[in-house]
$ cat protein20.txt   # compact mmCIF, C-alpha atoms
# COMPACT_ATOMS: atom_id res chain seq x y z
CA MET A 752 -50.59 -16.16 -171.54
CA GLN A 753 -48.03 -15.65 -168.77
CA ALA A 754 -44.37 -14.67 -169.01
CA VAL A 755 -41.57 -15.87 -166.76
CA TYR A 756 -37.79 -15.88 -166.68
CA SER A 757 -35.54 -18.61 -168.02
CA SER A 758 -31.78 -19.04 -168.34
CA SER A 759 -29.66 -16.95 -170.67
CA PRO A 760 -28.87 -17.89 -174.29
CA VAL A 761 -26.43 -20.75 -174.78
CA ARG A 762 -23.01 -19.97 -176.20
CA LYS A 763 -21.21 -22.18 -178.68
CA SER A 764 -19.03 -23.76 -175.97
CA GLY A 765 -21.84 -25.72 -174.35
CA PHE A 766 -21.79 -29.08 -172.63
CA VAL A 767 -24.01 -32.11 -172.98
CA LEU A 768 -26.91 -32.06 -170.51
CA SER A 769 -26.71 -35.06 -168.19
CA LYS A 770 -29.37 -37.54 -167.15
CA SER A 771 -29.92 -35.65 -163.88
CA PHE A 772 -31.16 -32.63 -165.83
CA TYR A 773 -34.06 -34.71 -167.20
CA GLU A 774 -34.81 -36.64 -163.98
CA ARG A 775 -37.05 -33.86 -162.72
CA ASP A 776 -40.59 -32.55 -163.00
CA THR A 777 -41.48 -32.54 -166.70
CA ARG A 778 -42.76 -28.97 -166.59
CA ILE A 779 -39.51 -27.69 -165.09
CA VAL A 780 -37.47 -29.52 -167.73
CA ALA A 781 -39.68 -28.13 -170.52
CA PHE A 782 -39.24 -24.61 -169.17
CA GLU A 783 -35.48 -24.90 -168.71
CA LEU A 784 -34.92 -26.40 -172.17
CA ILE A 785 -35.81 -23.03 -173.69
CA GLY A 786 -32.57 -21.48 -174.93
CA LYS A 787 -30.65 -24.76 -174.93
CA ILE A 788 -29.17 -26.21 -178.15
CA LEU A 789 -30.51 -29.34 -179.86
CA VAL A 790 -27.59 -31.10 -181.58
CA PHE A 791 -27.78 -33.94 -184.11
CA GLU A 792 -24.96 -35.29 -186.24
CA LYS A 793 -25.85 -36.73 -189.63
CA GLU A 794 -23.45 -37.80 -192.38
CA ASN A 795 -20.62 -36.01 -190.57
CA VAL A 796 -22.61 -32.77 -190.59
CA LEU A 797 -23.47 -31.15 -187.27
CA LEU A 798 -27.02 -29.77 -187.10
CA ARG A 799 -27.64 -27.32 -184.26
CA GLY A 800 -30.66 -25.25 -183.27
CA ARG A 801 -31.65 -23.20 -180.24
CA ILE A 802 -34.81 -24.59 -178.63
CA VAL A 803 -37.47 -21.86 -178.63
CA GLU A 804 -40.66 -23.84 -177.94
CA THR A 805 -41.54 -26.93 -175.88
CA GLU A 806 -44.56 -28.69 -174.41
CA SER A 807 -44.70 -30.95 -171.36
CA TYR A 808 -46.69 -34.19 -171.25
CA LEU A 809 -47.23 -36.05 -167.99
CA GLY A 810 -48.87 -39.33 -167.00
CA SER A 811 -52.30 -40.41 -165.73
CA GLU A 812 -53.21 -36.84 -164.73
CA ASP A 813 -52.69 -35.51 -168.26
CA PRO A 814 -55.40 -36.59 -170.75
CA ALA A 815 -53.35 -35.30 -173.71
CA SER A 816 -50.39 -37.52 -172.87
CA HIS A 817 -49.63 -40.80 -174.63
CA ALA A 818 -49.04 -42.22 -171.14
CA TYR A 819 -52.51 -41.26 -169.86
CA ARG A 820 -53.93 -44.81 -170.09
CA GLY A 821 -50.80 -46.65 -169.02
CA VAL A 822 -47.96 -48.51 -170.71
CA THR A 823 -48.28 -49.58 -174.36
CA PRO A 824 -45.68 -50.77 -176.88
CA ARG A 825 -45.75 -47.30 -178.41
CA ASN A 826 -45.21 -45.27 -175.25
CA ARG A 827 -43.06 -47.68 -173.22
CA VAL A 828 -40.02 -45.43 -173.48
CA MET A 829 -41.91 -42.71 -171.56
CA PHE A 830 -41.89 -44.97 -168.48
CA GLY A 831 -38.21 -45.75 -168.76
CA PRO A 832 -35.11 -43.82 -167.67
CA ALA A 833 -34.91 -40.09 -168.34
CA GLY A 834 -32.75 -38.61 -171.04
CA PHE A 835 -33.91 -40.88 -173.86
CA SER A 836 -35.57 -39.86 -177.11
CA TYR A 837 -39.22 -40.66 -177.82
CA VAL A 838 -40.02 -40.24 -181.52
CA TYR A 839 -43.51 -41.04 -182.72
CA PHE A 840 -45.33 -40.96 -186.05
CA THR A 841 -48.41 -38.76 -186.28
CA TYR A 842 -50.99 -37.67 -188.86
CA GLY A 843 -49.77 -40.35 -191.26
CA PHE A 844 -46.50 -38.70 -192.32
CA HIS A 845 -44.98 -36.60 -189.51
CA TYR A 846 -42.48 -37.43 -186.77
CA CYS A 847 -42.29 -35.64 -183.44
CA LEU A 848 -39.28 -35.58 -181.11
CA ASN A 849 -39.73 -35.84 -177.35
CA ILE A 850 -37.25 -36.21 -174.50
CA VAL A 851 -38.18 -38.53 -171.63
CA THR A 852 -38.23 -36.98 -168.15
CA GLU A 853 -38.91 -37.90 -164.50
CA LYS A 854 -37.57 -40.83 -162.47
CA GLU A 855 -37.77 -44.26 -164.05
CA GLY A 856 -41.32 -45.63 -163.78
CA VAL A 857 -42.90 -42.16 -163.72
CA PRO A 858 -44.07 -41.25 -167.25
CA GLY A 859 -43.22 -37.89 -168.69
CA ALA A 860 -41.77 -36.31 -171.82
CA VAL A 861 -41.07 -32.91 -173.33
CA LEU A 862 -42.07 -32.31 -176.94
CA ILE A 863 -39.56 -30.15 -178.81
CA ARG A 864 -41.87 -27.95 -180.87
CA ALA A 865 -39.49 -25.49 -182.53
CA VAL A 866 -35.86 -24.43 -182.75
CA GLU A 867 -33.92 -21.52 -184.22
CA PRO A 868 -31.53 -22.94 -186.85
CA LEU A 869 -27.88 -22.25 -186.01
CA GLU A 870 -25.66 -24.69 -187.88
CA GLY A 871 -26.00 -27.17 -190.74
CA LEU A 872 -28.45 -24.92 -192.57
CA GLU A 873 -27.74 -26.25 -196.06
CA MET A 874 -28.56 -29.80 -195.04
CA MET A 875 -31.68 -28.59 -193.21
CA LYS A 876 -32.84 -26.81 -196.36
CA ARG A 877 -32.26 -29.89 -198.52
CA GLN A 878 -34.09 -32.20 -196.14
CA ARG A 879 -36.99 -29.77 -195.85
CA SER A 880 -37.01 -28.86 -199.58
CA ASN A 881 -37.49 -25.36 -198.28
CA HIS A 882 -35.09 -22.40 -198.33
CA ASP A 883 -37.11 -20.08 -196.09
CA PHE A 884 -34.88 -19.67 -193.02
CA TYR A 885 -37.83 -18.89 -190.73
CA GLN A 886 -39.89 -21.86 -191.91
CA LEU A 887 -37.22 -24.55 -191.59
CA THR A 888 -37.79 -25.64 -188.00
CA ASN A 889 -40.79 -23.66 -186.68
CA GLY A 890 -42.89 -26.70 -185.80
CA PRO A 891 -42.36 -30.21 -184.39
CA ALA A 892 -42.71 -32.02 -187.74
CA LYS A 893 -40.65 -29.40 -189.57
CA LEU A 894 -37.71 -29.68 -187.19
CA THR A 895 -37.58 -33.50 -187.32
CA GLN A 896 -37.64 -33.33 -191.11
CA ALA A 897 -34.93 -30.65 -191.14
CA TYR A 898 -32.76 -32.69 -188.78
CA GLY A 899 -33.54 -36.01 -190.47
CA ILE A 900 -34.94 -37.53 -187.28
CA GLY A 901 -37.28 -40.51 -187.68
CA ARG A 902 -38.69 -43.49 -185.82
CA GLU A 903 -35.29 -45.21 -185.89
CA HIS A 904 -34.03 -42.49 -183.56
CA SER A 905 -36.54 -43.30 -180.81
CA GLY A 906 -35.23 -44.83 -177.60
CA LEU A 907 -31.74 -43.36 -177.96
CA ASP A 908 -29.71 -41.98 -175.06
CA ILE A 909 -29.46 -38.27 -175.81
CA THR A 910 -26.99 -37.61 -173.02
CA GLN A 911 -24.27 -38.90 -175.35
CA PRO A 912 -22.50 -36.69 -177.94
CA GLY A 913 -23.93 -36.82 -181.45
CA PHE A 914 -27.61 -36.59 -180.52
CA HIS A 915 -27.91 -34.41 -177.45
CA VAL A 916 -28.87 -31.07 -175.93
CA GLU A 917 -26.21 -28.57 -174.90
CA GLY A 918 -26.29 -26.41 -171.81
CA ASP A 919 -24.06 -23.51 -170.81
CA ARG A 920 -21.19 -24.22 -168.40
CA SER A 921 -21.25 -20.69 -166.99
CA LEU A 922 -24.85 -20.79 -165.76
CA GLY A 923 -25.41 -20.85 -162.02
CA THR A 924 -28.12 -19.68 -159.65
CA ARG A 925 -30.80 -17.41 -161.08
CA SER A 926 -31.54 -14.06 -159.51
CA MET A 927 -34.91 -12.64 -160.60
CA GLY A 928 -34.96 -9.54 -158.43
CA ASN A 929 -33.52 -7.08 -160.93
CA GLY A 930 -34.23 -8.92 -164.18
CA ASN A 931 -30.68 -10.18 -164.56
CA LEU A 932 -29.03 -13.54 -164.11
CA LYS A 933 -26.25 -13.66 -161.54
CA THR A 934 -23.77 -16.28 -162.68
CA ASN A 935 -20.36 -16.88 -161.11
CA GLY A 936 -20.14 -13.18 -160.31
CA ALA A 937 -21.19 -12.14 -163.81
CA SER A 938 -24.48 -10.62 -164.94
CA GLN A 939 -26.13 -11.90 -168.11
CA ALA A 940 -29.34 -10.85 -169.85
CA MET A 941 -32.19 -13.27 -169.33
CA LEU A 942 -34.67 -14.76 -171.72
CA TRP A 943 -38.37 -14.00 -171.44
CA VAL A 944 -40.40 -17.19 -171.77
CA GLY A 945 -44.11 -17.27 -172.52
CA VAL A 946 -46.39 -19.87 -170.93
CA SER A 947 -49.65 -20.97 -172.57
CA PRO A 948 -51.95 -23.94 -173.23
CA ARG A 949 -50.61 -26.56 -175.63
CA ILE A 950 -51.35 -26.51 -179.36
CA GLY A 951 -53.31 -29.00 -181.47
CA ILE A 952 -54.70 -31.22 -178.71
CA ARG A 953 -58.27 -32.25 -177.86
CA GLU A 954 -57.90 -32.88 -174.13
CA GLY A 955 -56.20 -30.91 -171.39
CA LYS A 956 -56.53 -27.71 -173.37
CA LYS A 957 -56.47 -25.43 -170.33
CA LEU A 958 -53.25 -26.73 -168.83
CA LEU A 959 -50.41 -24.21 -169.14
CA TYR A 960 -47.84 -26.73 -170.32
CA ARG A 961 -46.42 -24.92 -173.37
CA PHE A 962 -43.28 -22.78 -173.10
CA PHE A 963 -41.86 -20.54 -175.80
CA LEU A 964 -39.31 -17.80 -176.30
CA LEU A 965 -41.15 -14.52 -176.49
CA ASP A 966 -40.49 -12.40 -179.58
CA SER A 967 -38.89 -15.31 -181.45
CA PRO A 968 -39.86 -15.54 -185.15
CA PHE A 969 -39.10 -19.28 -185.04
CA VAL A 970 -41.99 -20.21 -182.72
CA SER A 971 -44.76 -22.27 -184.34
CA GLY A 972 -48.29 -21.08 -184.98
CA LEU A 973 -47.50 -17.42 -185.64
CA SER A 974 -49.67 -15.48 -188.06
CA VAL A 975 -48.02 -14.14 -191.20
CA GLY A 976 -48.30 -10.60 -189.86
CA LYS A 977 -46.90 -11.43 -186.44
CA ARG A 978 -44.01 -13.41 -187.91
CA SER A 979 -43.20 -10.54 -190.30
CA VAL A 980 -42.96 -8.10 -187.38
CA LEU A 981 -40.74 -10.48 -185.36
CA VAL A 982 -38.49 -11.20 -188.35
CA LYS A 983 -37.98 -7.48 -188.89
CA SER A 984 -37.10 -7.03 -185.21
CA PHE A 985 -34.85 -10.13 -185.25
CA THR A 986 -32.79 -8.89 -188.20
CA GLN A 987 -32.25 -5.35 -186.92
$ encode --input "protein20.txt" --output "structure tokens"
Amino acid sequence: MQAVYSSSPVRKSGFVLSKSFYERDTRIVAFELIGKILVFEKENVLLRGRIVETESYLGSEDPASHAYRGVTPRNRVMFGPAGFSYVYFTYGFHYCLNIVTEKEGVPGAVLIRAVEPLEGLEMMKRQRSNHDFYQLTNGPAKLTQAYGIGREHSGLDITQPGFHVEGDRSLGTRSMGNGNLKTNGASQAMLWVGVSPRIGIREGKKLLYRFFLLDSPFVSGLSVGKRSVLVKSFTQ
């Protein structure tokens, strides 16, 4: 595992990330989505969660990608314009949320693996039939269930309010020299982001395409012991 810097935590007064944010290298987008806020409005309730884990999936050079063998009815959205949702059904009863990246015609998508619940918790609990705060959204299928995201939400423009990702208006150029972020003359603490191989795939296992917020108890795949330690640290 490697660790690198990312942008600082997003404040409540964020702004909707534009199409240009997603029209870039999939791995860069996956990395920079850490700390951003996934927003989904359902039944006049706003559900919000800080993204703490992502995975990048490319095209013909990535054997784990749905786009590896070319365009199909299922993956067509991956070849379309960036900034659209790609929701697919897996293992017979789970949905996974991806965001399309790269220039149109170049396949790529970022899988949102886990978020830290911030708002709309009661609805998340009802939809998950689970009241454990740390188990609500700590996995790709868990978060889609908590948010109420299904196949009908695939192919939607997520640069529009209501189903979008928020950034932070104050963020500017990163300065990594002293471990702080220099932003419009201000200094903000930075997030430490882990980099590792992806989880639960058969091909491309050695590619370091997974990004996650270090020391977050909301990341997927943590052992009971490790999660217990992180929860204790998180609540102090």
$ residues_around --input "protein20.txt" --residues "range 863-875 of chain A" --least-positions-apart "3" --cutoff "7 Å" --atoms "all atoms listed in the file" --output "PDB file with C-alpha atoms, in the frame of the given file"
ATOM      1  CA  VAL A 796     -22.610 -32.770-190.590  1.00  0.00           C
ATOM      2  CA  LEU A 797     -23.470 -31.150-187.270  1.00  0.00           C
ATOM      3  CA  LEU A 798     -27.020 -29.770-187.100  1.00  0.00           C
ATOM      4  CA  ARG A 799     -27.640 -27.320-184.260  1.00  0.00           C
ATOM      5  CA  GLY A 800     -30.660 -25.250-183.270  1.00  0.00           C
ATOM      6  CA  ARG A 801     -31.650 -23.200-180.240  1.00  0.00           C
ATOM      7  CA  ILE A 802     -34.810 -24.590-178.630  1.00  0.00           C
ATOM      8  CA  VAL A 803     -37.470 -21.860-178.630  1.00  0.00           C
ATOM      9  CA  GLU A 804     -40.660 -23.840-177.940  1.00  0.00           C
ATOM     10  CA  THR A 805     -41.540 -26.930-175.880  1.00  0.00           C
ATOM     11  CA  GLU A 806     -44.560 -28.690-174.410  1.00  0.00           C
ATOM     12  CA  LEU A 848     -39.280 -35.580-181.110  1.00  0.00           C
ATOM     13  CA  ASN A 849     -39.730 -35.840-177.350  1.00  0.00           C
ATOM     14  CA  GLN A 878     -34.090 -32.200-196.140  1.00  0.00           C
ATOM     15  CA  ARG A 879     -36.990 -29.770-195.850  1.00  0.00           C
ATOM     16  CA  THR A 888     -37.790 -25.640-188.000  1.00  0.00           C
ATOM     17  CA  ASN A 889     -40.790 -23.660-186.680  1.00  0.00           C
ATOM     18  CA  GLY A 890     -42.890 -26.700-185.800  1.00  0.00           C
ATOM     19  CA  PRO A 891     -42.360 -30.210-184.390  1.00  0.00           C
ATOM     20  CA  LEU A 894     -37.710 -29.680-187.190  1.00  0.00           C
ATOM     21  CA  ALA A 897     -34.930 -30.650-191.140  1.00  0.00           C
ATOM     22  CA  TYR A 898     -32.760 -32.690-188.780  1.00  0.00           C
ATOM     23  CA  PHE A 969     -39.100 -19.280-185.040  1.00  0.00           C
ATOM     24  CA  VAL A 970     -41.990 -20.210-182.720  1.00  0.00           C
ATOM     25  CA  SER A 971     -44.760 -22.270-184.340  1.00  0.00           C
TER      26      SER A 971
END
$ atom_distance --input "protein20.txt" --atom1 "CA of Val828 in chain A" --atom2 "CA of Pro858 in chain A"
8.5 Å
$ residues_around --input "protein20.txt" --residues "range 914-918 of chain A" --least-positions-apart "3" --cutoff "8 Å" --atoms "all atoms listed in the file" --output "list of chain:residue names"
A:Val761, A:Gly765, A:Phe766, A:Val767, A:Leu768, A:Lys787, A:Ile788, A:Leu789, A:Val790, A:Phe791, A:Glu792, A:Asp908, A:Ile909, A:Thr910, A:Gln911
$ write_last_selection --input "protein20.txt" --atoms "C-alpha atoms" --output "mmCIF file, in the coordinates of the input"
data_model
loop_
_atom_site.group_PDB
_atom_site.id
_atom_site.type_symbol
_atom_site.label_atom_id
_atom_site.label_comp_id
_atom_site.auth_asym_id
_atom_site.auth_seq_id
_atom_site.Cartn_x
_atom_site.Cartn_y
_atom_site.Cartn_z
ATOM 1 C CA VAL A 761 -26.430 -20.750 -174.780
ATOM 2 C CA GLY A 765 -21.840 -25.720 -174.350
ATOM 3 C CA PHE A 766 -21.790 -29.080 -172.630
ATOM 4 C CA VAL A 767 -24.010 -32.110 -172.980
ATOM 5 C CA LEU A 768 -26.910 -32.060 -170.510
ATOM 6 C CA LYS A 787 -30.650 -24.760 -174.930
ATOM 7 C CA ILE A 788 -29.170 -26.210 -178.150
ATOM 8 C CA LEU A 789 -30.510 -29.340 -179.860
ATOM 9 C CA VAL A 790 -27.590 -31.100 -181.580
ATOM 10 C CA PHE A 791 -27.780 -33.940 -184.110
ATOM 11 C CA GLU A 792 -24.960 -35.290 -186.240
ATOM 12 C CA ASP A 908 -29.710 -41.980 -175.060
ATOM 13 C CA ILE A 909 -29.460 -38.270 -175.810
ATOM 14 C CA THR A 910 -26.990 -37.610 -173.020
ATOM 15 C CA GLN A 911 -24.270 -38.900 -175.350
#
$ atom_distance --input "protein20.txt" --atom1 "CA of Thr823 in chain A" --atom2 "CA of Glu774 in chain A"
21.4 Å
$ atom_distance --input "protein20.txt" --atom1 "CA of Val851 in chain A" --atom2 "CA of Val944 in chain A"
21.5 Å
$ closest_residue --input "protein20.txt" --among "A:Ser984, A:Gly901, A:Ser880, A:Ser771" --to "Tyr846 in chain A" --atoms "all atoms listed in the file"
A:Gly901
$ closest_residue --input "protein20.txt" --among "A:Leu981, A:Arg953, A:Val780, A:Ser974" --to "Ser816 in chain A" --atoms "all atoms listed in the file"
A:Arg953
$ closest_residue --input "protein20.txt" --among "A:Ala781, A:Leu862, A:Leu942, A:Leu959" --to "Tyr839 in chain A" --atoms "all atoms listed in the file"
A:Leu862
$ residues_around --input "protein20.txt" --residues "Gly810 in chain A" --least-positions-apart "5" --cutoff "8 Å" --atoms "all atoms listed in the file" --output "VMD selection string"
chain A and resid 816 to 819 821 857 to 859
$ closest_residue --input "protein20.txt" --among "A:Val838, A:Ala860, A:Lys956, A:Gln886" --to "Val975 in chain A" --atoms "all atoms listed in the file"
A:Gln886
$ closest_residue --input "protein20.txt" --among "A:Glu855, A:Glu812, A:Asp966, A:Glu954" --to "Val980 in chain A" --atoms "all atoms listed in the file"
A:Asp966
